[in-house]
Amino acid sequence: MKGLYSIGIYLASFVVKIAALFNSKLKQGVIGRKNTFSKLQYIIKSKDKTFWFHCASLGEYEQGLPVFEALKAKHPNYKVVLSFFSPSGYEVRKNTKIADVVVYLPLDTTANAKRFLDLVNPDYILFVKYEIWPNFLHEIKKRDLKAILISAAFRKDQAFFKWYGSYAKSALFGFKHIFTQNENSKSLLEGINYNSVSVSGDTRFDRVSNQLKIDNTVTFIEDFKDDKLCVVFGSSWPDDDKLYMDFINSNENLDVKFVIAPHNIKPSYVASLKSQLNVKTICYSELTEHQNLADYKVFILDTIGYLSKAYSYADIAYVGGGAGTTGLHNILEPAVFGIPILIGKNYEKFPEAKTLIDLGGVTSLGSSSAFNASLNALITDDVLRKRQGDITKSYIHSNIGAVVKIMDYLES
């Protein structure tokens with residue numbers, strides 16, 4: 001199995017290098033991995049005490065950040081190596097203050113794993129959620145390093161729990177401990193005789209709850225909202241746009257403001273999005289000092305870094321990704337502000353969405369007509385809007401505490 005896996009890794013690497021000739025994102029990853037070892041050699045010295053934090057992409061980084069911050073606060077003299085698999089994580093967080101050096105994870109070969117661990121020599125290793133690289137983990141186990149997996153979520157259809165997944169399954173034993181999001185994941189691990197496992201919950205609840213402790217003021221959104229009821233469409237994709245576009249265009253006289261934060265902020269896409277709107281619309285990239293933002297109906301947030309704060313101004317939120325197949329984005333970010341949430345129809349792989357739908361705080365919609373009816377009900381019914389908002393807020397509050405459980409283990 002190991003041989004087949006390693007052959008697969010090399011073949012995948014070859015295919016990615018060819019595809020990178022035609023894809024800028026893949027090209028970033030290919031070039032970035034070439035620089036990993038030289039960056040480590042330059043920053044990390046043999047005498048340094050280190051932590052290694054690894055995330056697949058930006059979402060996992062945000063998920064792990066509360067633990068990263070807590071561990072760094074306890075041990076400020078340790079150097080932190082932060083690695084990403086995806087360019088979308090690396091490019092956004094390559095200058096994060098939590099780390100001394102940010103790198104791409106090298107190709108998962110035994111030789112790379114040995115060289116990486118020789119250079120980093122980590123005292124603690126934290127992987128987040130889905131990141132399980134067998135060759136790295138087998139080398140970690142061989143060296144008896146302290147590695148844990150946090151906010152893990154497993155499904156019974158994964159290779160770890162199938163007859164053909166022996167090599168992937170054995171990799172899990174490279175972790176000293178696994179903290180799962182739920183009891184089902186814990187039971188699946190115990191079913192393959194991995195017993196150093198406990199349910200901590202999802203660290204994202206701790207992460208989003210911290211949003212309430214900071215200043216969320218965004219002056220231009222405040223001026224735009226102008227004390228009106230506000231709907232925020234967060235991380236929307238073209239399939240999401242199709243759901244809500246008709247409502248905005250058909251309700252020009254409704255005393256409601258709309259903020260659209262598209263996932264893709266390329267000028268061509270933003271221009272296309274704006275062209276579909278027949279109401280007065282302004283983009284963040286068009287802001288000047290003398291505009292009266294209160295005169296506009298729609299604000300397109302064609303920049304990054306403001307969405308979490310924008311949700312603080314929302315009375316209702318739509319979270320994108322679920323109308324198509326790209327994957328539902330983080331519904332916990334708006335939920336922490338105690339507002340009702342609308343999503344698309346594809347949410348099966350997102351347990352928090354399932355739970356909040358069952359509780360009544362989130363509504364899943366499969367058509368533009370269903371969207372129109374649900375949003376109109378929330379806009380016109382203050383009691384309904386408050387009841388659903390109270391559900392989302394309570395759900396967040398009842399699920400915080402994962403960081404404390406993980407830190408108790410790390411510090412024991």
# chains A, B, ... in the order shown; residues from 1 in each chain; ligands from 1
>>> residues_around(residues="Val362 in chain A", least_positions_apart="3", cutoff="7 Å", atoms="only C-alpha atoms", output="ChimeraX atom specification")
/A:340-342,356-357
>>> residues_around(residues="His329 in chain A", least_positions_apart="6", cutoff="8 Å", atoms="only C-alpha atoms", output="mmCIF file with C-alpha atoms, in the first residue's frame")
data_model
loop_
_atom_site.group_PDB
_atom_site.id
_atom_site.type_symbol
_atom_site.label_atom_id
_atom_site.label_comp_id
_atom_site.auth_asym_id
_atom_site.auth_seq_id
_atom_site.Cartn_x
_atom_site.Cartn_y
_atom_site.Cartn_z
ATOM 1 C CA SER A 235 -18.875 34.569 -0.001
ATOM 2 C CA VAL A 319 -23.936 32.459 3.194
ATOM 3 C CA GLY A 320 -22.740 31.318 -0.213
ATOM 4 C CA GLY A 321 -21.324 28.113 -1.618
ATOM 5 C CA GLY A 322 -24.340 25.924 -1.002
#
>>> residues_around(residues="Tyr269 in chain A", least_positions_apart="5", cutoff="12 Å", atoms="only C-alpha atoms", output="list in words")
Ser236, Trp237, Pro238, Asp241, Ala261, Pro262, His263, Asn264, Lys274, Ser275, Gln276, Ile300 and Asp302 of chain A
>>> residues_around(residues="Ser38 in chain A", least_positions_apart="5", cutoff="12 Å", atoms="only C-alpha atoms", output="CSV table (one decimal) with N, CA, C and O atoms, in the first residue's frame")
chain,number,residue,atom,x,y,z
A,32,GLY,N,6.1,27.7,-4.8
A,32,GLY,CA,6.2,27.9,-3.4
A,32,GLY,C,6.9,26.7,-2.7
A,32,GLY,O,7.7,26.8,-1.8
A,33,ARG,N,6.6,25.5,-3.2
A,33,ARG,CA,7.1,24.3,-2.6
A,33,ARG,C,8.6,24.2,-2.8
A,33,ARG,O,9.4,23.6,-2.1
A,43,ILE,N,15.5,30.5,8.5
A,43,ILE,CA,14.8,31.1,9.7
A,43,ILE,C,15.0,30.2,11.0
A,43,ILE,O,15.2,30.7,12.1
A,44,ILE,N,15.0,28.9,10.8
A,44,ILE,CA,15.0,28.0,12.0
A,44,ILE,C,16.4,27.4,12.2
A,44,ILE,O,17.0,26.9,11.3
A,101,VAL,N,7.8,31.7,10.3
A,101,VAL,CA,8.0,31.4,8.9
A,101,VAL,C,6.8,30.6,8.4
A,101,VAL,O,6.3,29.8,9.1
A,102,VAL,N,6.3,31.0,7.2
A,102,VAL,CA,5.2,30.4,6.6
A,102,VAL,C,5.6,29.8,5.3
A,102,VAL,O,6.3,30.4,4.5
A,103,VAL,N,5.3,28.5,5.1
A,103,VAL,CA,5.8,27.7,4.0
A,103,VAL,C,4.7,26.8,3.4
A,103,VAL,O,3.7,26.6,4.1
A,104,TYR,N,4.9,26.4,2.2
A,104,TYR,CA,4.1,25.3,1.6
A,104,TYR,C,4.6,24.0,2.2
A,104,TYR,O,5.8,23.7,2.3
A,106,PRO,N,5.8,20.4,1.8
A,106,PRO,CA,6.4,19.7,0.6
A,106,PRO,C,5.6,18.5,0.2
A,106,PRO,O,4.7,18.0,1.0
A,115,ARG,N,13.5,15.3,5.8
A,115,ARG,CA,14.3,16.6,5.7
A,115,ARG,C,13.5,17.7,6.4
A,115,ARG,O,14.1,18.5,7.1
A,116,PHE,N,12.2,17.7,6.2
A,116,PHE,CA,11.4,18.8,6.9
A,116,PHE,C,11.5,18.7,8.4
A,116,PHE,O,11.7,19.7,9.1
A,119,LEU,N,14.8,19.8,9.8
A,119,LEU,CA,15.0,21.2,9.9
A,119,LEU,C,14.2,21.9,11.0
A,119,LEU,O,14.6,22.8,11.7
A,120,VAL,N,12.9,21.4,11.1
A,120,VAL,CA,12.0,22.0,12.1
A,120,VAL,C,12.2,21.5,13.5
A,120,VAL,O,12.2,22.3,14.5
>>> select_by_dssp(residues="range 117-200 of chain A", states="strand (DSSP E)", output="mmCIF file with all heavy atoms, in the first residue's frame")
data_model
loop_
_atom_site.group_PDB
_atom_site.id
_atom_site.type_symbol
_atom_site.label_atom_id
_atom_site.label_comp_id
_atom_site.auth_asym_id
_atom_site.auth_seq_id
_atom_site.Cartn_x
_atom_site.Cartn_y
_atom_site.Cartn_z
ATOM 1 N N TYR A 124 6.080 20.475 19.376
ATOM 2 C CA TYR A 124 4.668 20.136 19.217
ATOM 3 C C TYR A 124 4.284 20.289 17.753
ATOM 4 O O TYR A 124 4.766 21.199 17.064
ATOM 5 C CB TYR A 124 3.759 21.046 20.054
ATOM 6 C CG TYR A 124 3.484 20.547 21.447
ATOM 7 C CD1 TYR A 124 3.748 21.345 22.559
ATOM 8 C CD2 TYR A 124 2.938 19.280 21.663
ATOM 9 C CE1 TYR A 124 3.495 20.897 23.837
ATOM 10 C CE2 TYR A 124 2.684 18.821 22.941
ATOM 11 C CZ TYR A 124 2.961 19.633 24.027
ATOM 12 O OH TYR A 124 2.708 19.179 25.290
ATOM 13 N N ILE A 125 3.397 19.415 17.299
ATOM 14 C CA ILE A 125 2.874 19.475 15.943
ATOM 15 C C ILE A 125 1.353 19.492 16.030
ATOM 16 O O ILE A 125 0.757 18.613 16.657
ATOM 17 C CB ILE A 125 3.312 18.257 15.112
ATOM 18 C CG1 ILE A 125 4.841 18.161 15.069
ATOM 19 C CG2 ILE A 125 2.738 18.324 13.703
ATOM 20 C CD1 ILE A 125 5.344 16.833 14.515
ATOM 21 N N LEU A 126 0.737 20.484 15.423
ATOM 22 C CA LEU A 126 -0.719 20.574 15.400
ATOM 23 C C LEU A 126 -1.199 20.576 13.950
ATOM 24 O O LEU A 126 -0.848 21.472 13.175
ATOM 25 C CB LEU A 126 -1.206 21.858 16.090
ATOM 26 C CG LEU A 126 -1.419 21.805 17.605
ATOM 27 C CD1 LEU A 126 -0.085 21.684 18.327
ATOM 28 C CD2 LEU A 126 -2.153 23.044 18.086
ATOM 29 N N PHE A 127 -1.969 19.547 13.591
ATOM 30 C CA PHE A 127 -2.631 19.499 12.293
ATOM 31 C C PHE A 127 -4.107 19.822 12.529
ATOM 32 O O PHE A 127 -4.652 19.523 13.584
ATOM 33 C CB PHE A 127 -2.537 18.112 11.658
ATOM 34 C CG PHE A 127 -1.203 17.805 11.016
ATOM 35 C CD1 PHE A 127 -0.029 18.409 11.424
ATOM 36 C CD2 PHE A 127 -1.125 16.875 9.989
ATOM 37 C CE1 PHE A 127 1.187 18.121 10.831
ATOM 38 C CE2 PHE A 127 0.085 16.567 9.381
ATOM 39 C CZ PHE A 127 1.245 17.189 9.800
ATOM 40 N N VAL A 128 -4.737 20.407 11.517
ATOM 41 C CA VAL A 128 -6.131 20.853 11.674
ATOM 42 C C VAL A 128 -7.074 20.094 10.745
ATOM 43 O O VAL A 128 -6.836 20.004 9.538
ATOM 44 C CB VAL A 128 -6.256 22.366 11.410
ATOM 45 C CG1 VAL A 128 -7.695 22.833 11.639
ATOM 46 C CG2 VAL A 128 -5.308 23.158 12.308
ATOM 47 N N ALA A 147 2.463 14.950 18.204
ATOM 48 C CA ALA A 147 1.572 15.479 17.168
ATOM 49 C C ALA A 147 0.127 15.238 17.558
ATOM 50 O O ALA A 147 -0.228 14.150 18.021
ATOM 51 C CB ALA A 147 1.864 14.814 15.827
ATOM 52 N N ILE A 148 -0.710 16.258 17.374
ATOM 53 C CA ILE A 148 -2.136 16.086 17.613
ATOM 54 C C ILE A 148 -2.917 16.629 16.426
ATOM 55 O O ILE A 148 -2.440 17.490 15.683
ATOM 56 C CB ILE A 148 -2.614 16.759 18.923
ATOM 57 C CG1 ILE A 148 -2.513 18.289 18.815
ATOM 58 C CG2 ILE A 148 -1.854 16.237 20.122
ATOM 59 C CD1 ILE A 148 -3.217 18.995 19.957
ATOM 60 N N LEU A 149 -4.108 16.094 16.250
ATOM 61 C CA LEU A 149 -5.039 16.562 15.229
ATOM 62 C C LEU A 149 -6.203 17.211 15.951
ATOM 63 O O LEU A 149 -6.782 16.605 16.862
ATOM 64 C CB LEU A 149 -5.522 15.394 14.378
ATOM 65 C CG LEU A 149 -6.530 15.700 13.263
ATOM 66 C CD1 LEU A 149 -5.916 16.603 12.202
ATOM 67 C CD2 LEU A 149 -7.031 14.392 12.625
ATOM 68 N N ILE A 150 -6.538 18.440 15.586
ATOM 69 C CA ILE A 150 -7.616 19.154 16.277
ATOM 70 C C ILE A 150 -8.790 19.408 15.333
ATOM 71 O O ILE A 150 -8.625 19.463 14.119
ATOM 72 C CB ILE A 150 -7.133 20.481 16.890
ATOM 73 C CG1 ILE A 150 -6.656 21.457 15.798
ATOM 74 C CG2 ILE A 150 -6.031 20.226 17.906
ATOM 75 C CD1 ILE A 150 -6.289 22.840 16.323
ATOM 76 N N SER A 151 -9.980 19.522 15.933
ATOM 77 C CA SER A 151 -11.220 19.770 15.183
ATOM 78 C C SER A 151 -11.427 18.753 14.068
ATOM 79 O O SER A 151 -11.911 19.083 12.982
ATOM 80 C CB SER A 151 -11.232 21.193 14.602
ATOM 81 O OG SER A 151 -11.387 22.141 15.618
ATOM 82 N N ALA A 152 -11.048 17.515 14.327
ATOM 83 C CA ALA A 152 -11.161 16.468 13.310
ATOM 84 C C ALA A 152 -12.620 16.084 13.082
ATOM 85 O O ALA A 152 -13.415 16.018 14.020
ATOM 86 C CB ALA A 152 -10.365 15.246 13.734
ATOM 87 N N HIS A 177 -2.719 12.197 19.935
ATOM 88 C CA HIS A 177 -4.108 12.361 20.366
ATOM 89 C C HIS A 177 -4.876 13.048 19.247
ATOM 90 O O HIS A 177 -4.316 13.868 18.510
ATOM 91 C CB HIS A 177 -4.186 13.218 21.640
ATOM 92 C CG HIS A 177 -5.496 13.093 22.362
ATOM 93 N ND1 HIS A 177 -5.738 12.101 23.293
ATOM 94 C CD2 HIS A 177 -6.639 13.821 22.291
ATOM 95 C CE1 HIS A 177 -6.971 12.240 23.767
ATOM 96 N NE2 HIS A 177 -7.539 13.279 23.167
ATOM 97 N N ILE A 178 -6.144 12.701 19.111
ATOM 98 C CA ILE A 178 -7.017 13.342 18.143
ATOM 99 C C ILE A 178 -8.219 13.916 18.875
ATOM 100 O O ILE A 178 -8.890 13.219 19.638
ATOM 101 C CB ILE A 178 -7.484 12.354 17.057
ATOM 102 C CG1 ILE A 178 -6.284 11.868 16.227
ATOM 103 C CG2 ILE A 178 -8.524 13.003 16.146
ATOM 104 C CD1 ILE A 178 -6.638 10.837 15.168
ATOM 105 N N PHE A 179 -8.456 15.206 18.641
ATOM 106 C CA PHE A 179 -9.635 15.872 19.192
ATOM 107 C C PHE A 179 -10.669 15.988 18.076
ATOM 108 O O PHE A 179 -10.404 16.599 17.040
ATOM 109 C CB PHE A 179 -9.280 17.268 19.709
ATOM 110 C CG PHE A 179 -8.463 17.257 20.964
ATOM 111 C CD1 PHE A 179 -7.079 17.311 20.909
ATOM 112 C CD2 PHE A 179 -9.082 17.185 22.209
ATOM 113 C CE1 PHE A 179 -6.319 17.298 22.063
ATOM 114 C CE2 PHE A 179 -8.329 17.168 23.376
ATOM 115 C CZ PHE A 179 -6.944 17.224 23.301
ATOM 116 N N THR A 180 -11.826 15.384 18.281
ATOM 117 C CA THR A 180 -12.857 15.387 17.254
ATOM 118 C C THR A 180 -13.926 16.438 17.538
ATOM 119 O O THR A 180 -14.091 16.904 18.668
ATOM 120 C CB THR A 180 -13.533 14.013 17.132
ATOM 121 O OG1 THR A 180 -14.253 13.736 18.347
ATOM 122 C CG2 THR A 180 -12.513 12.923 16.871
ATOM 123 N N VAL A 197 -8.428 9.437 21.841
ATOM 124 C CA VAL A 197 -9.315 10.376 21.169
ATOM 125 C C VAL A 197 -10.315 10.946 22.162
ATOM 126 O O VAL A 197 -10.755 10.254 23.077
ATOM 127 C CB VAL A 197 -10.046 9.683 19.990
ATOM 128 C CG1 VAL A 197 -10.763 8.423 20.444
ATOM 129 C CG2 VAL A 197 -11.013 10.635 19.301
ATOM 130 N N SER A 198 -10.650 12.196 21.996
ATOM 131 C CA SER A 198 -11.678 12.811 22.829
ATOM 132 C C SER A 198 -12.434 13.851 22.020
ATOM 133 O O SER A 198 -11.925 14.380 21.029
ATOM 134 C CB SER A 198 -11.073 13.449 24.083
ATOM 135 O OG SER A 198 -10.032 14.337 23.751
ATOM 136 N N VAL A 199 -13.646 14.114 22.440
ATOM 137 C CA VAL A 199 -14.490 15.099 21.760
ATOM 138 C C VAL A 199 -14.261 16.459 22.409
ATOM 139 O O VAL A 199 -14.541 16.644 23.596
ATOM 140 C CB VAL A 199 -15.974 14.726 21.843
ATOM 141 C CG1 VAL A 199 -16.832 15.797 21.157
ATOM 142 C CG2 VAL A 199 -16.226 13.370 21.210
#
>>> closest_residue(among="A:Val259, A:Ile316, A:Ala99, A:Val81", to="Asn121 in chain A", atoms="only C-alpha atoms")
A:Val81
>>> select_by_dssp(residues="range 175-277 of chain A", states="helix (DSSP H, G or I)", output="number ranges by chain")
A: 183-190, 203-213, 219-225, 238-250, 267-275
>>> write_last_selection(atoms="C-alpha atoms", output="mmCIF file, in the first residue's frame")
data_model
loop_
_atom_site.group_PDB
_atom_site.id
_atom_site.type_symbol
_atom_site.label_atom_id
_atom_site.label_comp_id
_atom_site.auth_asym_id
_atom_site.auth_seq_id
_atom_site.Cartn_x
_atom_site.Cartn_y
_atom_site.Cartn_z
ATOM 1 C CA GLU A 183 -19.140 11.723 19.017
ATOM 2 C CA ASN A 184 -19.634 10.081 15.625
ATOM 3 C CA SER A 185 -16.044 10.833 14.620
ATOM 4 C CA LYS A 186 -14.819 9.507 17.956
ATOM 5 C CA SER A 187 -16.771 6.277 17.482
ATOM 6 C CA LEU A 188 -15.347 5.777 13.993
ATOM 7 C CA LEU A 189 -11.798 6.091 15.348
ATOM 8 C CA GLU A 190 -12.483 3.719 18.217
ATOM 9 C CA THR A 203 -12.526 25.344 17.596
ATOM 10 C CA ARG A 204 -14.333 27.523 15.044
ATOM 11 C CA PHE A 205 -16.903 28.329 17.733
ATOM 12 C CA ASP A 206 -14.140 29.779 19.894
ATOM 13 C CA ARG A 207 -12.727 31.579 16.877
ATOM 14 C CA VAL A 208 -15.966 33.269 15.859
ATOM 15 C CA SER A 209 -16.913 34.096 19.460
ATOM 16 C CA ASN A 210 -13.721 36.139 19.672
ATOM 17 C CA GLN A 211 -15.209 38.375 16.978
ATOM 18 C CA LEU A 212 -17.520 39.798 19.636
ATOM 19 C CA LYS A 213 -14.525 40.939 21.693
ATOM 20 C CA THR A 219 -17.383 53.318 8.829
ATOM 21 C CA PHE A 220 -18.240 52.978 5.154
ATOM 22 C CA ILE A 221 -20.671 50.112 5.836
ATOM 23 C CA GLU A 222 -22.194 52.088 8.677
ATOM 24 C CA ASP A 223 -22.696 55.088 6.376
ATOM 25 C CA PHE A 224 -24.135 52.850 3.678
ATOM 26 C CA LYS A 225 -26.570 51.075 6.008
ATOM 27 C CA PRO A 238 -22.490 32.612 -9.455
ATOM 28 C CA ASP A 239 -25.006 29.937 -8.421
ATOM 29 C CA ASP A 240 -25.762 31.962 -5.290
ATOM 30 C CA ASP A 241 -26.114 35.155 -7.327
ATOM 31 C CA LYS A 242 -28.871 33.487 -9.339
ATOM 32 C CA LEU A 243 -30.851 32.886 -6.143
ATOM 33 C CA TYR A 244 -30.863 36.422 -4.797
ATOM 34 C CA MET A 245 -30.529 38.665 -7.871
ATOM 35 C CA ASP A 246 -34.242 38.654 -8.693
ATOM 36 C CA PHE A 247 -35.183 39.680 -5.165
ATOM 37 C CA ILE A 248 -32.881 42.709 -5.172
ATOM 38 C CA ASN A 249 -33.961 43.844 -8.628
ATOM 39 C CA SER A 250 -37.658 43.356 -7.871
ATOM 40 C CA PRO A 267 -12.642 42.996 -11.589
ATOM 41 C CA SER A 268 -14.221 41.121 -14.505
ATOM 42 C CA TYR A 269 -16.487 39.126 -12.200
ATOM 43 C CA VAL A 270 -17.403 42.151 -10.096
ATOM 44 C CA ALA A 271 -18.243 44.102 -13.243
ATOM 45 C CA SER A 272 -20.468 41.261 -14.422
ATOM 46 C CA LEU A 273 -22.175 41.113 -11.035
ATOM 47 C CA LYS A 274 -22.792 44.845 -11.015
ATOM 48 C CA SER A 275 -24.185 44.763 -14.554
#
>>> closest_residue(among="A:Lys309, A:His138, A:Arg93, A:Lys45", to="Thr217 in chain A", atoms="only C-alpha atoms")
A:Lys309
>>> residues_around(residues="range 254-257 of chain A", least_positions_apart="6", cutoff="12 Å", atoms="only C-alpha atoms", output="ChimeraX atom specification")
/A:221-233,247-248,279-282,293-300,313-317,375-376,378-380
>>> write_last_selection(atoms="N, CA and C atoms", output="short mmCIF file (atom, residue, chain, number, x, y, z; two decimals), in the first residue's frame")
data_model
loop_
_atom_site.label_atom_id
_atom_site.label_comp_id
_atom_site.auth_asym_id
_atom_site.auth_seq_id
_atom_site.Cartn_x
_atom_site.Cartn_y
_atom_site.Cartn_z
N ILE A 221 -19.46 50.95 5.80
CA ILE A 221 -20.67 50.11 5.84
C ILE A 221 -21.73 50.78 6.71
N GLU A 222 -21.28 51.38 7.79
CA GLU A 222 -22.19 52.09 8.68
C GLU A 222 -22.89 53.23 7.93
N ASP A 223 -22.12 53.99 7.16
CA ASP A 223 -22.70 55.09 6.38
C ASP A 223 -23.65 54.56 5.31
N PHE A 224 -23.28 53.45 4.70
CA PHE A 224 -24.14 52.85 3.68
C PHE A 224 -25.45 52.34 4.27
N LYS A 225 -25.37 51.66 5.40
CA LYS A 225 -26.57 51.07 6.01
C LYS A 225 -27.56 52.15 6.42
N ASP A 226 -27.06 53.21 7.01
CA ASP A 226 -27.91 54.36 7.33
C ASP A 226 -29.11 53.97 8.19
N ASP A 227 -28.86 53.08 9.17
CA ASP A 227 -29.90 52.63 10.12
C ASP A 227 -31.06 51.88 9.46
N LYS A 228 -30.84 51.42 8.24
CA LYS A 228 -31.87 50.61 7.57
C LYS A 228 -31.63 49.13 7.88
N LEU A 229 -32.64 48.31 7.63
CA LEU A 229 -32.46 46.87 7.73
C LEU A 229 -31.48 46.43 6.65
N CYS A 230 -30.56 45.52 6.98
CA CYS A 230 -29.48 45.17 6.05
C CYS A 230 -29.36 43.66 5.89
N VAL A 231 -29.23 43.24 4.62
CA VAL A 231 -28.99 41.83 4.29
C VAL A 231 -27.58 41.73 3.73
N VAL A 232 -26.78 40.82 4.29
CA VAL A 232 -25.41 40.61 3.80
C VAL A 232 -25.33 39.26 3.11
N PHE A 233 -24.85 39.27 1.87
CA PHE A 233 -24.62 38.04 1.11
C PHE A 233 -23.12 37.77 1.18
N PHE A 247 -34.59 38.99 -6.32
CA PHE A 247 -35.18 39.68 -5.17
C PHE A 247 -34.71 41.13 -5.10
N ILE A 248 -33.41 41.35 -5.25
CA ILE A 248 -32.88 42.71 -5.17
C ILE A 248 -33.47 43.58 -6.28
N VAL A 279 -30.47 48.32 -9.65
CA VAL A 279 -30.64 49.30 -8.58
C VAL A 279 -29.31 50.01 -8.37
N LYS A 280 -29.34 51.10 -7.63
CA LYS A 280 -28.14 51.92 -7.46
C LYS A 280 -27.10 51.16 -6.64
N THR A 281 -25.95 50.92 -7.25
CA THR A 281 -24.94 50.03 -6.68
C THR A 281 -23.57 50.70 -6.68
N ILE A 282 -22.83 50.45 -5.62
CA ILE A 282 -21.46 50.96 -5.54
C ILE A 282 -20.54 49.84 -5.05
N LEU A 293 -22.99 57.54 0.67
CA LEU A 293 -23.24 56.11 0.56
C LEU A 293 -24.67 55.73 0.91
N ALA A 294 -25.33 56.56 1.70
CA ALA A 294 -26.72 56.27 2.08
C ALA A 294 -27.65 56.27 0.88
N ASP A 295 -27.23 56.88 -0.22
CA ASP A 295 -28.07 56.94 -1.42
C ASP A 295 -28.09 55.63 -2.19
N TYR A 296 -27.19 54.71 -1.86
CA TYR A 296 -27.05 53.48 -2.64
C TYR A 296 -27.86 52.35 -2.02
N LYS A 297 -28.31 51.46 -2.89
CA LYS A 297 -29.11 50.30 -2.47
C LYS A 297 -28.24 49.08 -2.21
N VAL A 298 -27.20 48.89 -3.02
CA VAL A 298 -26.33 47.72 -2.94
C VAL A 298 -24.88 48.17 -2.80
N PHE A 299 -24.17 47.51 -1.91
CA PHE A 299 -22.73 47.75 -1.74
C PHE A 299 -22.02 46.43 -2.04
N ILE A 300 -21.16 46.43 -3.08
CA ILE A 300 -20.39 45.24 -3.40
C ILE A 300 -19.03 45.34 -2.73
N TYR A 313 -23.21 44.18 10.94
CA TYR A 313 -24.21 45.15 10.51
C TYR A 313 -25.45 44.48 9.90
N ALA A 314 -25.39 43.16 9.75
CA ALA A 314 -26.48 42.43 9.09
C ALA A 314 -27.64 42.16 10.04
N ASP A 315 -28.83 42.26 9.50
CA ASP A 315 -30.03 41.80 10.21
C ASP A 315 -30.40 40.40 9.72
N ILE A 316 -29.95 40.07 8.52
CA ILE A 316 -30.16 38.77 7.89
C ILE A 316 -28.92 38.48 7.06
N ALA A 317 -28.50 37.22 7.03
CA ALA A 317 -27.33 36.87 6.21
C ALA A 317 -27.66 35.71 5.28
N LEU A 375 -36.83 35.23 2.36
CA LEU A 375 -36.24 36.52 2.71
C LEU A 375 -37.32 37.55 2.99
N ASN A 376 -38.38 37.53 2.20
CA ASN A 376 -39.47 38.47 2.43
C ASN A 376 -40.11 38.27 3.80
N LEU A 378 -38.63 37.10 6.50
CA LEU A 378 -37.71 37.58 7.52
C LEU A 378 -37.66 39.10 7.57
N ILE A 379 -37.77 39.74 6.43
CA ILE A 379 -37.74 41.20 6.39
C ILE A 379 -39.00 41.80 7.02
N THR A 380 -40.14 41.20 6.77
CA THR A 380 -41.41 41.78 7.21
C THR A 380 -41.85 41.33 8.59
#
>>> atom_distance(atom1="CA of Phe175 in chain A", atom2="CA of Tyr194 in chain A")
9.8 Å
